[in-house]
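Undergrad: Dropping in model-v4.cif, which is mmCIF, C-alpha atoms:
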data_structure
loop_
_atom_site.label_atom_id
_atom_site.label_comp_id
_atom_site.auth_asym_id
_atom_site.auth_seq_id
_atom_site.Cartn_x
_atom_site.Cartn_y
_atom_site.Cartn_z
CA MET F 1 234.73 37.75 121.66
CA ARG F 2 238.07 39.44 122.20
CA GLY F 3 235.95 42.39 121.06
CA MET F 4 234.76 42.67 124.66
CA PHE F 5 238.04 44.49 125.23
CA THR F 6 237.01 47.02 122.57
CA CYS F 7 233.62 47.41 124.25
CA GLY F 8 235.31 48.30 127.53
CA VAL F 9 237.43 50.98 125.85
CA LEU F 10 234.48 52.45 123.95
CA ASP F 11 232.26 52.54 127.03
CA VAL F 12 234.90 54.59 128.83
CA PHE F 13 235.01 56.95 125.85
CA MET F 14 231.22 57.33 126.00
CA GLU F 15 231.27 58.03 129.72
CA GLU F 16 234.03 60.60 129.34
CA GLY F 17 232.57 62.39 126.33
CA VAL F 18 235.18 61.34 123.78
CA ALA F 19 233.65 61.79 120.33
CA PHE F 20 234.84 60.98 116.80
CA ASP F 21 233.77 62.20 113.38
CA GLY F 22 233.83 58.67 112.01
CA ALA F 23 234.52 55.04 112.85
CA ALA F 24 234.98 51.78 110.97
CA GLY F 25 234.52 48.28 112.31
CA ILE F 26 235.40 44.83 111.05
CA SER F 27 233.69 41.66 112.34
CA ALA F 28 233.24 42.06 116.12
CA GLY F 29 234.43 45.64 115.70
CA ALA F 30 231.33 46.25 113.58
CA VAL F 31 228.67 44.33 115.52
CA PHE F 32 229.88 45.67 118.87
CA GLY F 33 231.16 49.04 117.69
CA CYS F 34 227.77 50.08 116.32
CA ASN F 35 226.67 50.57 119.94
CA TYR F 36 229.08 53.49 120.14
CA LYS F 37 227.07 55.32 117.51
CA SER F 38 223.77 54.43 119.21
CA ARG F 39 225.28 55.54 122.55
CA GLN F 40 224.28 52.30 124.32
CA ARG F 41 226.95 51.91 126.95
CA GLY F 42 227.24 48.35 128.29
CA ARG F 43 224.82 46.82 125.79
CA ALA F 44 227.24 44.46 124.03
CA LEU F 45 228.59 43.08 127.30
CA ARG F 46 225.09 42.74 128.74
CA TYR F 47 223.54 40.73 125.92
CA ASN F 48 226.59 38.51 125.45
CA LYS F 49 226.60 37.61 129.15
CA THR F 50 222.84 37.07 129.16
CA TYR F 51 222.39 35.11 125.93
CA GLY F 52 225.87 33.84 125.08
CA ARG F 53 225.04 30.29 126.15
CA ALA F 54 221.68 30.15 124.36
CA TRP F 55 221.88 27.67 121.49
CA ARG F 56 220.08 30.03 119.13
CA TYR F 57 222.76 32.66 119.76
CA CYS F 58 225.89 30.56 119.25
CA SER F 59 226.26 26.79 119.15
CA LEU F 60 227.10 23.76 117.08
CA ARG F 61 223.38 23.03 117.07
CA SER F 62 222.75 26.40 115.42
CA LEU F 63 225.45 25.67 112.83
CA ILE F 64 223.89 22.30 111.97
CA LEU F 65 220.29 23.55 111.83
CA THR F 66 220.78 26.98 110.25
CA GLY F 67 224.21 26.97 108.63
CA ASP F 68 225.43 29.71 110.97
CA LEU F 69 227.36 29.23 114.21
CA TYR F 70 225.89 32.55 115.34
CA GLY F 71 222.19 32.26 114.58
CA ALA F 72 221.26 34.95 112.08
CA ASP F 73 217.62 35.36 113.08
CA PHE F 74 218.38 35.41 116.80
CA CYS F 75 221.41 37.71 116.62
CA TYR F 76 220.19 40.18 114.01
CA ARG F 77 216.44 40.27 114.55
CA LYS F 78 215.19 38.87 117.83
CA LEU F 79 218.03 40.26 119.93
CA PRO F 80 218.11 43.86 118.59
CA ASP F 81 214.34 44.08 118.02
CA GLU F 82 212.98 42.37 121.14
CA LEU F 83 215.43 41.15 123.78
CA ASP F 84 217.96 44.00 124.11
CA VAL F 85 216.64 46.66 121.80
CA PHE F 86 219.09 48.47 119.54
CA ASP F 87 218.35 52.22 119.67
CA ARG F 88 217.95 52.95 115.98
CA ALA F 89 216.74 56.50 116.59
CA ALA F 90 219.89 57.36 118.51
CA PHE F 91 222.02 55.58 115.89
CA ARG F 92 220.37 57.57 113.10
CA GLU F 93 220.60 60.92 114.89
CA ASN F 94 224.27 60.62 115.85
CA PRO F 95 226.19 62.45 113.08
CA MET F 96 229.25 60.21 113.44
CA ALA F 97 229.84 58.21 110.25
CA PHE F 98 230.00 54.47 110.91
CA TYR F 99 231.32 51.95 108.38
CA ALA F 100 231.11 48.15 108.42
CA GLY F 101 233.51 46.16 106.27
CA ALA F 102 232.70 42.80 104.66
CA ALA F 103 234.62 40.64 102.16
CA ASP F 104 233.07 40.15 98.73
CA VAL F 105 232.94 36.40 98.08
CA GLU F 106 233.66 36.79 94.37
CA THR F 107 236.69 39.09 94.69
CA GLY F 108 238.00 38.31 98.16
CA LYS F 109 238.31 42.07 98.76
CA THR F 110 236.81 43.93 101.72
CA VAL F 111 234.29 46.63 100.87
CA TYR F 112 232.81 49.17 103.26
CA HIS F 113 229.22 50.24 103.76
CA ARG F 114 228.25 53.39 105.63
CA CYS F 115 225.52 52.42 108.08
CA GLY F 116 223.00 55.22 108.37
CA ASP F 117 219.84 54.16 110.17
CA GLY F 118 220.51 50.76 111.76
CA GLY F 119 217.72 49.28 109.64
CA LYS F 120 217.48 45.99 107.74
CA GLU F 121 220.19 46.77 105.20
CA ASP F 122 222.61 47.95 107.87
CA MET F 123 221.91 44.80 109.88
CA LEU F 124 222.76 42.71 106.82
CA TRP F 125 226.10 44.49 106.51
CA LEU F 126 226.84 44.04 110.22
CA ARG F 127 225.96 40.37 109.93
CA ALA F 128 228.11 39.98 106.82
CA SER F 129 231.05 41.70 108.48
CA ALA F 130 230.99 39.13 111.29
CA SER F 131 230.14 36.03 109.23
CA MET F 132 233.22 33.87 109.75
CA PRO F 133 234.11 31.61 106.80
CA VAL F 134 233.24 27.89 107.12
CA VAL F 135 230.91 28.44 110.11
CA SER F 136 228.66 31.01 108.42
CA ARG F 137 226.64 31.30 105.25
CA PRO F 138 227.57 34.15 102.90
CA VAL F 139 225.21 37.10 103.29
CA GLU F 140 223.58 38.35 100.10
CA ILE F 141 223.20 42.12 99.73
CA GLY F 142 222.26 43.80 96.48
CA GLY F 143 223.04 40.71 94.44
CA ARG F 144 226.53 40.26 95.92
CA ARG F 145 227.58 37.82 98.65
CA TYR F 146 229.78 38.72 101.60
CA LEU F 147 231.67 37.17 104.51
CA ASP F 148 233.80 38.39 107.42
CA GLY F 149 235.65 41.57 106.45
CA GLY F 150 238.68 40.55 108.49
CA VAL F 151 239.51 37.94 105.87
CA ALA F 152 241.14 40.61 103.68
CA ASP F 153 241.39 43.76 105.82
CA PRO F 154 241.79 42.91 109.53
CA VAL F 155 242.24 46.52 110.75
CA PRO F 156 240.61 49.33 108.70
CA TYR F 157 243.14 52.11 109.35
CA ALA F 158 244.03 52.49 105.64
CA PHE F 159 240.35 52.81 104.74
CA MET F 160 239.89 55.60 107.28
CA GLU F 161 242.94 57.41 105.97
CA LYS F 162 241.57 57.20 102.43
CA GLU F 163 238.31 58.67 103.69
CA GLY F 164 240.25 61.70 104.90
CA TYR F 165 240.47 61.03 108.63
CA ASP F 166 243.90 62.15 109.81
CA ARG F 167 243.76 61.54 113.57
CA ASN F 168 242.83 57.91 113.96
CA VAL F 169 242.64 55.74 117.05
CA ALA F 170 242.96 51.99 116.47
CA ILE F 171 241.67 49.58 119.10
CA LEU F 172 243.31 46.16 118.77
CA THR F 173 242.50 43.01 120.73
CA GLN F 174 245.91 41.34 120.69
CA PRO F 175 248.91 42.52 122.74
CA ARG F 176 251.99 44.12 121.22
CA GLY F 177 254.21 41.57 119.48
CA TYR F 178 251.43 39.14 118.57
CA VAL F 179 252.16 37.34 115.28
CA LYS F 180 249.37 35.58 113.42
CA LYS F 181 250.06 32.06 112.17
CA PRO F 182 248.81 30.55 108.88
CA SER F 183 245.25 29.19 108.81
CA PRO F 184 244.93 25.39 109.09
CA GLY F 185 245.42 23.54 105.82
CA ALA F 186 241.93 22.06 106.05
CA MET F 187 240.51 25.57 105.64
CA GLY F 188 241.33 25.47 101.93
CA VAL F 189 239.34 22.28 101.42
CA LEU F 190 236.37 23.64 103.34
CA LEU F 191 236.38 26.83 101.27
CA ARG F 192 236.73 25.19 97.83
CA LYS F 193 233.35 26.68 96.79
CA TYR F 194 234.75 30.18 97.38
CA PRO F 195 238.18 30.35 95.70
CA ALA F 196 238.68 34.09 96.27
CA ILE F 197 237.97 33.73 99.99
CA ARG F 198 240.19 30.64 100.08
CA ARG F 199 243.07 32.64 98.61
CA ALA F 200 242.46 35.50 101.04
CA MET F 201 242.42 33.10 103.99
CA LYS F 202 245.67 31.54 102.80
CA GLU F 203 247.32 34.99 102.84
CA ARG F 204 245.50 36.33 105.86
CA HIS F 205 248.39 35.90 108.28
CA VAL F 206 250.73 37.69 105.86
CA VAL F 207 248.29 40.61 105.50
CA TYR F 208 247.68 40.82 109.24
CA ASN F 209 251.36 40.76 110.17
CA ARG F 210 252.14 43.37 107.51
CA GLN F 211 249.36 45.56 108.90
CA MET F 212 250.85 45.27 112.39
CA ASP F 213 254.19 46.46 111.01
CA GLU F 214 252.50 49.38 109.26
CA ILE F 215 250.52 50.23 112.38
CA GLY F 216 253.73 50.20 114.41
CA GLU F 217 255.37 52.61 111.95
CA ARG F 218 252.40 54.98 112.09
CA GLU F 219 252.36 54.76 115.87
CA LYS F 220 256.03 55.71 116.13
CA ALA F 221 255.51 58.61 113.73
CA GLY F 222 252.53 59.92 115.73
CA ARG F 223 250.15 59.31 112.83
CA LEU F 224 248.06 56.73 114.69
CA LEU F 225 247.21 56.21 118.35
CA VAL F 226 246.93 52.52 119.19
CA ILE F 227 245.13 50.99 122.16
CA ARG F 228 245.77 47.31 122.80
CA PRO F 229 245.61 44.92 125.78
CA ALA F 230 248.73 44.74 127.92
CA ARG F 231 248.67 40.94 127.72
CA ASP F 232 246.77 38.11 126.06
CA LEU F 233 243.10 38.29 127.03
CA GLY F 234 242.94 34.53 127.60
CA ILE F 235 239.56 33.98 125.96
CA ARG F 236 238.40 32.04 122.91
CA ARG F 237 237.12 33.67 119.74
CA THR F 238 233.67 32.24 120.54
CA GLU F 239 233.93 32.55 124.34
CA ARG F 240 230.60 31.99 126.16
CA ASP F 241 231.67 32.13 129.82
CA PRO F 242 230.18 35.34 131.34
CA GLN F 243 233.09 35.73 133.75
CA ALA F 244 235.66 35.49 130.96
CA LEU F 245 233.73 38.07 128.92
CA GLN F 246 233.60 40.36 131.93
CA ARG F 247 237.36 40.06 132.45
CA ALA F 248 238.07 41.02 128.84
CA TYR F 249 235.66 43.96 129.12
CA ASP F 250 237.24 45.10 132.38
CA ALA F 251 240.68 44.94 130.78
CA GLY F 252 239.37 47.29 128.09
CA ARG F 253 237.98 49.70 130.66
CA GLU F 254 241.27 49.70 132.52
CA GLU F 255 243.23 50.48 129.37
CA GLY F 256 240.64 53.04 128.28
CA PHE F 257 241.02 54.99 131.52
CA ARG F 258 244.80 54.63 131.45
CA ARG F 259 245.02 56.15 127.96
CA LEU F 260 242.12 58.61 128.31
CA ASN F 261 244.09 61.85 128.69
CA GLU F 262 246.45 60.81 125.92
CA VAL F 263 243.51 60.17 123.59
CA LYS F 264 241.91 63.52 124.39
CA ALA F 265 245.17 65.38 123.79
CA TYR F 266 245.77 63.51 120.53
CA LEU F 267 242.32 64.33 119.17
CA LYS F 268 242.74 68.03 120.00
CA GLY F 269 245.95 68.13 118.00
#
Would you mind writing the file out in structure tokens?
TA:
Amino acid sequence: MRGMFTCGVLDVFMEEGVAFDGAAGISAGAVFGCNYKSRQRGRALRYNKTYGRAWRYCSLRSLILTGDLYGADFCYRKLPDELDVFDRAAFRENPMAFYAGAADVETGKTVYHRCGDGGKEDMLWLRASASMPVVSRPVEIGGRRYLDGGVADPVPYAFMEKEGYDRNVAILTQPRGYVKKPSPGAMGVLLRKYPAIRRAMKERHVVYNRQMDEIGEREKAGRLLVIRPARDLGIRRTERDPQALQRAYDAGREEGFRRLNEVKAYLKG
């Protein structure tokens, strides 16, 4: 739910006409970022504030009954199809490429899928990208199983560079200087059925901290523009308090406006 910060930044970009040729999202960056392609300003904040406390959306009860902390049917069918409709036509017609990354359970490596129409397959990839290990079931797509892409590739800047994008903007949800700590030891026991994911989780803090160093080097060299909160957002990963979500979103809007002219100049070259 720190992704509410990202939503605030992206909504400012939408309002101010900032456009990109492509975007990639991991976990919350995928399930919230897709609204940038469908041009639905405010949607992610709205539905999280409205339904965040519904047990079918996110709860221990959902985990026990369905195997998913975030209810798959509610989040990826009922919500986008009925309650707060995802604009698939707008998503499809927007020429911006949008990629969602998910970790292959067998290899522990993050793979990327280009989402084209916002249909059933794309929804599976979005769900997979945000399916946190231990509290989610792996998502099967095309005979392979996937979990949260952040397990192996927390920030997809290298993927975008490989795709040929040379003026990238990274939106992070932790302040400068944040250092990730190792996952709890119990995580390995809970993931014994998925050895590749277990290994990736064991090294996740090393990968993340190395990525932050690489991002810092690119930032200094002018090869990457980075937007991050000025301070810790003070919310939980699974935050359900509407006021806390609003504060994180507002922090994103504030930073989005503060960096707006810099972003525009950077994208022009």
Undergrad: What does the distance between atom CA of F:Lys37 and atom CA of F:Arg92 come to in Å, to one decimal place?
TA: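 Atom CA of F:Arg92 lies 8.3 Å from atom CA of F:Lys37.
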Undergrad: For a test of reading the model, state the distance in Å between atom CA of F:Gly185 and atom CA of F:Pro154, rounded to one decimal.
TA: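 Here the two named atoms are 20.1 Å from each other.
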Undergrad: With the PyMOL selection byres ((chain F and resi 246) around 10) as the selection, what would be picked from this file? Answer as a list in words, please.
TA: Met4, Phe5, Gly8, Leu45, Arg46, Asn48, Lys49, Asp241, Pro242, Gln243, Ala244, Leu245, Arg247, Ala248, Tyr249, Asp250, Ala251 and Gly252 of chain F
Undergrad: Applied to the shown file, which residues does the PyMOL selection byres ((chain F and resi 86) around 12) return, written as a PyMOL selection string?
TA: chain F and resi 31-32+34-44+47+75-85+87-92+117-119+123
Undergrad: When you draw a straight line from atom CA of F:Arg145 to atom CA of F:Tyr57, how long is it in Å?
TA: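 These two atoms are separated by 22.3 Å.
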Undergrad: Contacts of F:Pro229 at 7 Å or less, counting all atoms listed in the file, minus same-chain residues fewer than 5 places along, as a PDB file with C-alpha atoms, keeping the file's coordinate frame?
TA:
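Produced file part.pdb, reproduced below:
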ATOM      1  CA  THR F 173     242.500  43.010 120.730  1.00  0.00           C
ATOM      2  CA  GLN F 174     245.910  41.340 120.690  1.00  0.00           C
ATOM      3  CA  PRO F 175     248.910  42.520 122.740  1.00  0.00           C
TER       4      PRO F 175
END
Undergrad: Selection in question (the file shown): the PyMOL selection byres ((chain F and resi 168) around 6). Which residues does it include, as a PyMOL selection string?
TA: chain F and resi 167+169+224
Undergrad: Just want the 8 Å neighbourhood of F:Val135, counted on all atoms listed in the file, with same-chain residues fewer than 4 positions away dropped. Output as a PDB file with C-alpha atoms, in the frame of the given file.
TA:
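File written: out11.pdb
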ATOM      1  CA  LEU F  63     225.450  25.670 112.830  1.00  0.00           C
ATOM      2  CA  GLY F  67     224.210  26.970 108.630  1.00  0.00           C
ATOM      3  CA  ASP F  68     225.430  29.710 110.970  1.00  0.00           C
ATOM      4  CA  LEU F  69     227.360  29.230 114.210  1.00  0.00           C
ATOM      5  CA  SER F 131     230.140  36.030 109.230  1.00  0.00           C
TER       6      SER F 131
END
Undergrad: Taking only C-alpha atoms into account, which of F:Met212, F:Ala103, F:Met160, F:Val151 comes nearest F:Asp21?
TA: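 Once distances to F:Asp21 are computed over only C-alpha atoms, the minimum belongs to F:Met160.
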Undergrad: Which is closest to F:Ser136 among F:Arg176, F:Lys109, F:Leu190, F:Pro156, if we use all atoms listed in the file?
TA: F:Leu190
Undergrad: Which residue, F:Thr50, F:Ser129, F:Asn94, F:Asn209, has the smallest gap to F:Ala24 when you use all atoms listed in the file?
TA: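 The answer is F:Ser129, which sits nearest to F:Ala24.
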Undergrad: Using only C-alpha atoms for the distances, tell me which of F:Gly29, F:Gly142, F:Gly108, F:Gly216 is nearest to F:Arg2.
TA: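 The closest residue to F:Arg2 is F:Gly29.
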Undergrad: Stretch 203-219 of chain F, all listed atoms, 6 Å padding on each side: what axis-aligned box centre and edge lengths in Å to one decimal come out, as AutoDock Vina command-line options?
TA:
--center_x 250.4 --center_y 45.0 --center_z 109.4 --size_x 21.9 --size_y 32.0 --size_z 25.0
Undergrad: Restricting the calculation to all atoms listed in the file: of F:Lys162, F:Gly33, F:Arg53, F:Gly22, which residue gets closest to F:Glu239?
TA: F:Arg53
Undergrad: Determine the nearest neighbour of F:Val206 from the options F:Pro182, F:Arg144, F:Arg192, F:Phe13, counting all atoms listed in the file.
TA: F:Pro182
Undergrad: At a cut-off of 8 Å from (247.3, 52.3, 119.8) in the coordinates of the file, what residues are picked up using all atoms listed in the file, written as a PyMOL selection string?
TA: chain F and resi 169-172+219+224-228
Undergrad: Pull out stretch 24-55 of chain F, keep N, CA and C atoms, and write it as a PDB file, in the first residue's frame.
TA:
ATOM      1  N   ALA F  24       6.815  -0.045 -16.777  1.00  0.00           N
ATOM      2  CA  ALA F  24       6.848  -1.389 -16.204  1.00  0.00           C
ATOM      3  C   ALA F  24       6.518  -1.293 -14.731  1.00  0.00           C
ATOM      4  N   GLY F  25       5.720  -2.240 -14.240  1.00  0.00           N
ATOM      5  CA  GLY F  25       5.331  -2.233 -12.839  1.00  0.00           C
ATOM      6  C   GLY F  25       5.566  -3.582 -12.197  1.00  0.00           C
ATOM      7  N   ILE F  26       5.936  -3.548 -10.940  1.00  0.00           N
ATOM      8  CA  ILE F  26       6.137  -4.756 -10.147  1.00  0.00           C
ATOM      9  C   ILE F  26       5.205  -4.689  -8.943  1.00  0.00           C
ATOM     10  N   SER F  27       4.455  -5.748  -8.681  1.00  0.00           N
ATOM     11  CA  SER F  27       3.583  -5.831  -7.511  1.00  0.00           C
ATOM     12  C   SER F  27       2.576  -4.673  -7.513  1.00  0.00           C
ATOM     13  N   ALA F  28       2.586  -3.830  -6.473  1.00  0.00           N
ATOM     14  CA  ALA F  28       1.651  -2.705  -6.441  1.00  0.00           C
ATOM     15  C   ALA F  28       1.880  -1.771  -7.618  1.00  0.00           C
ATOM     16  N   GLY F  29       3.140  -1.698  -8.085  1.00  0.00           N
ATOM     17  CA  GLY F  29       3.430  -0.865  -9.240  1.00  0.00           C
ATOM     18  C   GLY F  29       2.710  -1.332 -10.487  1.00  0.00           C
ATOM     19  N   ALA F  30       2.387  -2.630 -10.541  1.00  0.00           N
ATOM     20  CA  ALA F  30       1.644  -3.178 -11.673  1.00  0.00           C
ATOM     21  C   ALA F  30       0.141  -2.985 -11.494  1.00  0.00           C
ATOM     22  N   VAL F  31      -0.382  -3.405 -10.330  1.00  0.00           N
ATOM     23  CA  VAL F  31      -1.841  -3.373 -10.151  1.00  0.00           C
ATOM     24  C   VAL F  31      -2.376  -1.952 -10.002  1.00  0.00           C
ATOM     25  N   PHE F  32      -1.545  -1.015  -9.544  1.00  0.00           N
ATOM     26  CA  PHE F  32      -1.970   0.375  -9.486  1.00  0.00           C
ATOM     27  C   PHE F  32      -1.536   1.130 -10.738  1.00  0.00           C
ATOM     28  N   GLY F  33      -0.341   0.811 -11.241  1.00  0.00           N
ATOM     29  CA  GLY F  33       0.187   1.522 -12.398  1.00  0.00           C
ATOM     30  C   GLY F  33      -0.604   1.314 -13.673  1.00  0.00           C
ATOM     31  N   CYS F  34      -1.330   0.194 -13.777  1.00  0.00           N
ATOM     32  CA  CYS F  34      -2.115  -0.053 -14.985  1.00  0.00           C
ATOM     33  C   CYS F  34      -3.160   1.031 -15.211  1.00  0.00           C
ATOM     34  N   ASN F  35      -3.567   1.721 -14.138  1.00  0.00           N
ATOM     35  CA  ASN F  35      -4.548   2.801 -14.272  1.00  0.00           C
ATOM     36  C   ASN F  35      -3.981   4.010 -15.001  1.00  0.00           C
ATOM     37  N   TYR F  36      -2.652   4.080 -15.082  1.00  0.00           N
ATOM     38  CA  TYR F  36      -2.032   5.166 -15.854  1.00  0.00           C
ATOM     39  C   TYR F  36      -2.266   4.945 -17.342  1.00  0.00           C
ATOM     40  N   LYS F  37      -2.194   3.697 -17.759  1.00  0.00           N
ATOM     41  CA  LYS F  37      -2.446   3.384 -19.167  1.00  0.00           C
ATOM     42  C   LYS F  37      -3.925   3.522 -19.512  1.00  0.00           C
ATOM     43  N   SER F  38      -4.801   3.188 -18.572  1.00  0.00           N
ATOM     44  CA  SER F  38      -6.248   3.331 -18.830  1.00  0.00           C
ATOM     45  C   SER F  38      -6.749   4.748 -18.547  1.00  0.00           C
ATOM     46  N   ARG F  39      -5.839   5.624 -18.103  1.00  0.00           N
ATOM     47  CA  ARG F  39      -6.141   7.040 -17.872  1.00  0.00           C
ATOM     48  C   ARG F  39      -7.245   7.244 -16.836  1.00  0.00           C
ATOM     49  N   GLN F  40      -7.231   6.435 -15.773  1.00  0.00           N
ATOM     50  CA  GLN F  40      -8.265   6.521 -14.741  1.00  0.00           C
ATOM     51  C   GLN F  40      -7.692   7.159 -13.479  1.00  0.00           C
ATOM     52  N   ARG F  41      -7.599   8.470 -13.536  1.00  0.00           N
ATOM     53  CA  ARG F  41      -7.042   9.230 -12.428  1.00  0.00           C
ATOM     54  C   ARG F  41      -7.875   9.025 -11.160  1.00  0.00           C
ATOM     55  N   GLY F  42      -7.221   8.723 -10.056  1.00  0.00           N
ATOM     56  CA  GLY F  42      -7.884   8.581  -8.765  1.00  0.00           C
ATOM     57  C   GLY F  42      -8.503   7.231  -8.498  1.00  0.00           C
ATOM     58  N   ARG F  43      -8.515   6.338  -9.483  1.00  0.00           N
ATOM     59  CA  ARG F  43      -9.230   5.071  -9.318  1.00  0.00           C
ATOM     60  C   ARG F  43      -8.628   4.208  -8.216  1.00  0.00           C
ATOM     61  N   ALA F  44      -7.314   4.040  -8.212  1.00  0.00           N
ATOM     62  CA  ALA F  44      -6.690   3.148  -7.227  1.00  0.00           C
ATOM     63  C   ALA F  44      -6.911   3.636  -5.806  1.00  0.00           C
ATOM     64  N   LEU F  45      -6.797   4.929  -5.593  1.00  0.00           N
ATOM     65  CA  LEU F  45      -7.063   5.476  -4.257  1.00  0.00           C
ATOM     66  C   LEU F  45      -8.527   5.264  -3.885  1.00  0.00           C
ATOM     67  N   ARG F  46      -9.413   5.528  -4.826  1.00  0.00           N
ATOM     68  CA  ARG F  46     -10.850   5.439  -4.557  1.00  0.00           C
ATOM     69  C   ARG F  46     -11.267   4.039  -4.119  1.00  0.00           C
ATOM     70  N   TYR F  47     -10.866   3.029  -4.889  1.00  0.00           N
ATOM     71  CA  TYR F  47     -11.352   1.688  -4.539  1.00  0.00           C
ATOM     72  C   TYR F  47     -10.660   1.127  -3.307  1.00  0.00           C
ATOM     73  N   ASN F  48      -9.426   1.522  -3.054  1.00  0.00           N
ATOM     74  CA  ASN F  48      -8.766   1.068  -1.830  1.00  0.00           C
ATOM     75  C   ASN F  48      -9.392   1.696  -0.593  1.00  0.00           C
ATOM     76  N   LYS F  49      -9.785   2.959  -0.671  1.00  0.00           N
ATOM     77  CA  LYS F  49     -10.449   3.596   0.461  1.00  0.00           C
ATOM     78  C   LYS F  49     -11.844   3.025   0.667  1.00  0.00           C
ATOM     79  N   THR F  50     -12.517   2.698  -0.427  1.00  0.00           N
ATOM     80  CA  THR F  50     -13.902   2.224  -0.342  1.00  0.00           C
ATOM     81  C   THR F  50     -13.980   0.769   0.121  1.00  0.00           C
ATOM     82  N   TYR F  51     -13.118  -0.079  -0.415  1.00  0.00           N
ATOM     83  CA  TYR F  51     -13.240  -1.521  -0.173  1.00  0.00           C
ATOM     84  C   TYR F  51     -12.097  -2.119   0.643  1.00  0.00           C
ATOM     85  N   GLY F  52     -11.134  -1.314   1.048  1.00  0.00           N
ATOM     86  CA  GLY F  52      -9.961  -1.834   1.731  1.00  0.00           C
ATOM     87  C   GLY F  52     -10.254  -2.634   2.983  1.00  0.00           C
ATOM     88  N   ARG F  53     -11.359  -2.323   3.663  1.00  0.00           N
ATOM     89  CA  ARG F  53     -11.694  -3.028   4.894  1.00  0.00           C
ATOM     90  C   ARG F  53     -12.694  -4.164   4.679  1.00  0.00           C
ATOM     91  N   ALA F  54     -13.072  -4.407   3.433  1.00  0.00           N
ATOM     92  CA  ALA F  54     -13.966  -5.531   3.132  1.00  0.00           C
ATOM     93  C   ALA F  54     -13.169  -6.834   3.237  1.00  0.00           C
ATOM     94  N   TRP F  55     -13.732  -7.835   3.906  1.00  0.00           N
ATOM     95  CA  TRP F  55     -12.958  -9.060   4.123  1.00  0.00           C
ATOM     96  C   TRP F  55     -12.627  -9.755   2.820  1.00  0.00           C
TER      97      TRP F  55
END
